[in-house]
Amino acid sequence: MKEDSIEVWGFKTFRPFRIYWALEEFNLKYKSYKIGSRTGETQTKEYLNMNPKGKIPFFKHNDIGISESVAAMNYVVKNFEAPKDFLVPTSPKDIAKIDEWSYMCAMELDALGVYIMRRHQSEANNGLSNLYGEAPNAIKTAKEHVNRMLLACDRDVPKHSWLIGDKPSCADIMFMSCLQVIKLYKININSDKINAYYERVVKRKQYINAMIESYGQPTLEKYIISNLK
Ligand SMILES: N[C@@H](CCC(=O)N[C@@H](CS)C(=O)NCC(=O)O)C(=O)O
């Protein structure tokens, strides 16, 4: 499929990042609109016409608009010519394993984990308790849930390679997007394998490009790189 016009709305968070990383892996040209959530930019009549959810990210390819990050990431991977060093699964096992990682990340780590924390943390801790209210027990149990899921992942994180074999795949995009926020919230990752995996992946050129696209160089250095230390 031709890239024609690919557009992405949204930045500064881990969900648009998923799309940017897929686009960088596929070496596709795209136009990005650096709009933020809760800045008013997602609530204009024009934006809501495109995406009635009023959220970021939003992805567009010609006349196809996609308002979920995972669906947009998968769209890129399934519809453009795959580069040699990115895994687009064909075997039932690889397809199922990448799906398993993706749904686990979207549901367990993202929706039930870091996003609950984000909703109820104070603003000083990168949270939105001013909007959703303080809920210390929700934060505590969400954190415990993230730890429990990471512990469960430990067995399946390889010591030297990507999550599924010797090439990155959507499983890595999803897992890294969540690990980024887990690091941001300073949740201690009690797994040498996961920590070593993280350190390996952050060196990949396409990952760094996607991080710069998502967070900008200064923010990347201030918040992300310093969190790696
Ligand atoms: N499931 C959606 C979640 C999108 C989402 O919640 N985006 C956040 C920023 S990362 C947002 O726009 N929040 C604004 C709001 O909830 O009003 C996806 O993965 O794309």
# chains A, B, ... in the order shown; residues from 1 in each chain; ligands from 1

$ select_by_dssp --residues "segment 26-205 of chain A" --states "strand (DSSP E or B)" --output "ChimeraX atom specification"
/A:31-33,58-61,64-66,162,165

$ residues_near_ligand --ligand "ligand 1" --cutoff "8 Å" --atoms "only C-alpha atoms and all ligand atoms" --output "PyMOL selection string"
chain A and resi 12-16+36-38+42+53-58+67-70+106+111

$ residues_around --residues "segment 119-123 of chain A" --least-positions-apart "2" --cutoff "9 Å" --atoms "only C-alpha atoms" --output "list of chain:residue names"
A:Val114, A:Tyr115, A:Ile116, A:Met117, A:Asn125, A:Asn126, A:Gly127, A:Leu128, A:Ser129, A:Asn130, A:Leu131, A:Tyr132, A:Gly133, A:Glu134, A:Ala135, A:Pro136, A:Ala138, A:Ile139

$ write_last_selection --atoms "C-alpha atoms" --output "PDB file, in the first residue's frame"
ATOM      1  CA  VAL A 114      -0.584   2.847  34.929  1.00  0.00           C
ATOM      2  CA  TYR A 115      -3.694   4.662  33.726  1.00  0.00           C
ATOM      3  CA  ILE A 116      -5.492   4.123  37.045  1.00  0.00           C
ATOM      4  CA  MET A 117      -2.388   5.483  38.732  1.00  0.00           C
ATOM      5  CA  ASN A 125       3.378  13.175  40.485  1.00  0.00           C
ATOM      6  CA  ASN A 126       2.319  13.422  36.817  1.00  0.00           C
ATOM      7  CA  GLY A 127      -1.273  12.604  37.780  1.00  0.00           C
ATOM      8  CA  LEU A 128      -4.778  13.891  37.175  1.00  0.00           C
ATOM      9  CA  SER A 129      -6.324  13.752  40.655  1.00  0.00           C
ATOM     10  CA  ASN A 130      -7.534  17.312  40.077  1.00  0.00           C
ATOM     11  CA  LEU A 131      -9.936  15.819  37.505  1.00  0.00           C
ATOM     12  CA  TYR A 132     -10.616  12.303  38.779  1.00  0.00           C
ATOM     13  CA  GLY A 133     -10.206  12.699  42.514  1.00  0.00           C
ATOM     14  CA  GLU A 134      -7.715  11.304  44.982  1.00  0.00           C
ATOM     15  CA  ALA A 135      -7.964   7.562  45.524  1.00  0.00           C
ATOM     16  CA  PRO A 136      -4.928   6.261  47.428  1.00  0.00           C
ATOM     17  CA  ALA A 138      -6.825   2.649  43.802  1.00  0.00           C
ATOM     18  CA  ILE A 139      -3.215   3.817  43.271  1.00  0.00           C
TER      19      ILE A 139
END

$ closest_atom_pairs --of "segment 64-145 of chain A" --to "segment 158-169 of chain A" --cutoff "10 Å" --atoms "only C-alpha atoms" --output "tab-separated table"
residue	atom	partner	partner_atom	distance
A:Val77	CA	A:Ser169	CA	9.0
A:Lys84	CA	A:Lys167	CA	8.9
A:Asp85	CA	A:Lys167	CA	5.8
A:Phe86	CA	A:Pro168	CA	5.3
A:Leu87	CA	A:Ser169	CA	4.9
A:Val88	CA	A:Ser169	CA	6.7
A:Pro89	CA	A:Ser169	CA	8.2
A:Asp94	CA	A:Ile164	CA	7.2
A:Ile95	CA	A:Ile164	CA	10.0
A:Lys97	CA	A:Ile164	CA	7.7
A:Ile98	CA	A:Ile164	CA	7.5
A:Trp101	CA	A:Leu163	CA	8.9

$ atom_distance --atom1 "atom CA of Phe17 of chain A" --atom2 "atom CA of Ser177 of chain A"
7.1 Å

$ atom_distance --atom1 "atom CA of Trp21 of chain A" --atom2 "atom CA of Ala210 of chain A"
4.8 Å

$ atom_distance --atom1 "atom CA of Lys34 of chain A" --atom2 "atom CA of Asn209 of chain A"
15.1 Å

$ select_by_dssp --residues "chain A" --states "alpha helix (DSSP H)" --output "MDAnalysis selection string"
chainID A and resid 14:25 45:50 69:79 92:103 115:120 129:132 136:154 170:184 192:201 205:215 217:219 226:228

$ residues_around --residues "Tyr33 of chain A" --least-positions-apart "3" --cutoff "9 Å" --atoms "only C-alpha atoms" --output "list of chain:residue names"
A:Glu7, A:Val8, A:Trp9, A:Gly10, A:Phe11

$ residues_around --residues "Lys2 of chain A" --least-positions-apart "3" --cutoff "10 Å" --atoms "only C-alpha atoms" --output "VMD selection string"
chain A and resid 5 to 6 28 61 to 62 79 to 81

$ write_last_selection --atoms "C-alpha atoms" --output "PDB file, in the first residue's frame"
ATOM      1  CA  SER A   5      -0.901  10.864   3.284  1.00  0.00           C
ATOM      2  CA  ILE A   6      -0.327   9.482   6.751  1.00  0.00           C
ATOM      3  CA  LEU A  28       7.154   5.754   6.319  1.00  0.00           C
ATOM      4  CA  HIS A  61      -4.324   7.318   6.157  1.00  0.00           C
ATOM      5  CA  ASN A  62      -6.141   8.815   3.184  1.00  0.00           C
ATOM      6  CA  ASN A  79      -0.799  -2.669   5.408  1.00  0.00           C
ATOM      7  CA  PHE A  80       2.641  -1.481   4.390  1.00  0.00           C
ATOM      8  CA  GLU A  81       5.674  -3.298   3.081  1.00  0.00           C
TER       9      GLU A  81
END
